[in-house]
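Notes for the one structure printed next.
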Amino acid sequence: MGGLANWVMKKRMNAILVVALCSIIPMMFWLSAAVLGLVVLRKGVKDGIPVIAWGGLPALVLWGIQGDATALMVLIDTFILAFVLREKVSWAWVMLGASLLAAISSLVQPLLMANLLDIVAELIQQVLSNEGETDIPSKEMIVRQAVIAMSVVQAYIAVGALFLARRWQSRLYNPGGLKKEFHEFRLPLIIALVLGAMVLVGESLGGGFEILSRAAVPALVIPGLALVHGILALKKIGIVGLVVFYLIGILVLSVYFANILIFLAVVDSFVDIRGRMQSKPSDVN
């Protein structure tokens, strides 16, 4: 995909064409979002506005015809998060931004996709009824859970698209830059506390506040992964170490894997584990 990234950066029209085409191809809207993110990261908001305005038109038409605003929402989320990353040069702010965008999206989704959500809710109720389920959830509950899931997924697809855009930018203009950023990625204490508060509020109050915890959890898990990757890099443990880590996490720790990563991310925001590890050799000397 490096060739595609190089091509879209040559002319604005190239970027517009790719964003427009991929936004209407089923399950390819993430690629259009990544191209948009690359433009904003490299050239700024001024150059990104025409790309999302013209390239996003097919996604807008798709929403108008089918009632599915997913591609449009992912493009908007990626545009905002790319601006945040360009201005702050911090993935921590991107994670906070993604969790907040997911929460805001949960308020907008019922307005943008009301008909589609109703159809999905009715279909789920019908399937459960045909399977003989006696405790069928209400349409309102199904819609609420669907909105929460869609909002969180859309926001973090945007994060994934931005990560791909940053990878392209790194390969084209700053080789190795993304790997260094990810290995050093650490949540500042204030952001970790905000995300932690979102989890506590969402889990405690439930209902409409549930989106807060659902949106904040991935923003805490990803820094935990970055911490492990960074430690393995500092210890010069290669791909074998990463494979073992993920195998143990997924197959052995299973449901506790995410909780452990969140714990590590929060602890790291307090004590800076990688910083302490790097300072040890100089302390000995």
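Order determines the names: the first chain of the structure tokens is A, the second B, and so forth; residues in each chain are numbered 1 upward, and ligands are numbered 1 upward as they are shown.
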
Closest-contact table, stretch 184-225 of chain A side, partner stretch 98-117 of chain A, 8 Å, counting only C-alpha atoms, as a Markdown table:
```
| residue | atom | partner | partner_atom | distance |
| --- | --- | --- | --- | --- |
| A:Ile211 | CA | A:Ala103 | CA | 5.9 |
| A:Leu212 | CA | A:Ala103 | CA | 6.2 |
| A:Ala215 | CA | A:Ser99 | CA | 4.7 |
| A:Ala216 | CA | A:Ser99 | CA | 5.3 |
| A:Ala219 | CA | A:Ser99 | CA | 6.7 |
```

As a ChimeraX atom specification, list the residues of stretch 23-267 of chain A assigned to alpha helix (DSSP H) by DSSP on the backbone atoms of this structure.
/A:23-24,29-43,45-55,57-66,70-88,91-112,114-130,139-173,177-184,189-205,210-234,239-247,257-267

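Excluding stretch 183-191 of chain A and any residue on its chain fewer than 4 positions from it, the residues at most 8 Å away by only C-alpha atoms are Ser90, Trp91, Ala92, Trp93, Leu96, Lys179, Leu195, Pro223, Ala226, Leu227, His229, Gly230, Ile231, Ala233, Ala265, Val266, Asp268, Ser269, Phe270, Asp272 and Arg274 of chain A.
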
Please, what distance in Å, to one decimal, runs between atom CA of A:Gly2 and atom CA of A:Arg167?
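Between atom CA of A:Gly2 and atom CA of A:Arg167 the gap works out to 9.2 Å.
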
Given the choices A:Arg12, A:Leu200, A:Leu234, A:Val252, which gets closest to A:Gly275 if the distance is worked out from only C-alpha atoms?
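Ranking A:Arg12, A:Leu200, A:Leu234, A:Val252 by distance to A:Gly275, first place goes to A:Leu234.
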
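When only C-alpha atoms are used to compute distances to A:Ala258, the closest of the residues A:Leu220, A:Ile80, A:Val8, A:Val120 turns out to be A:Leu220.
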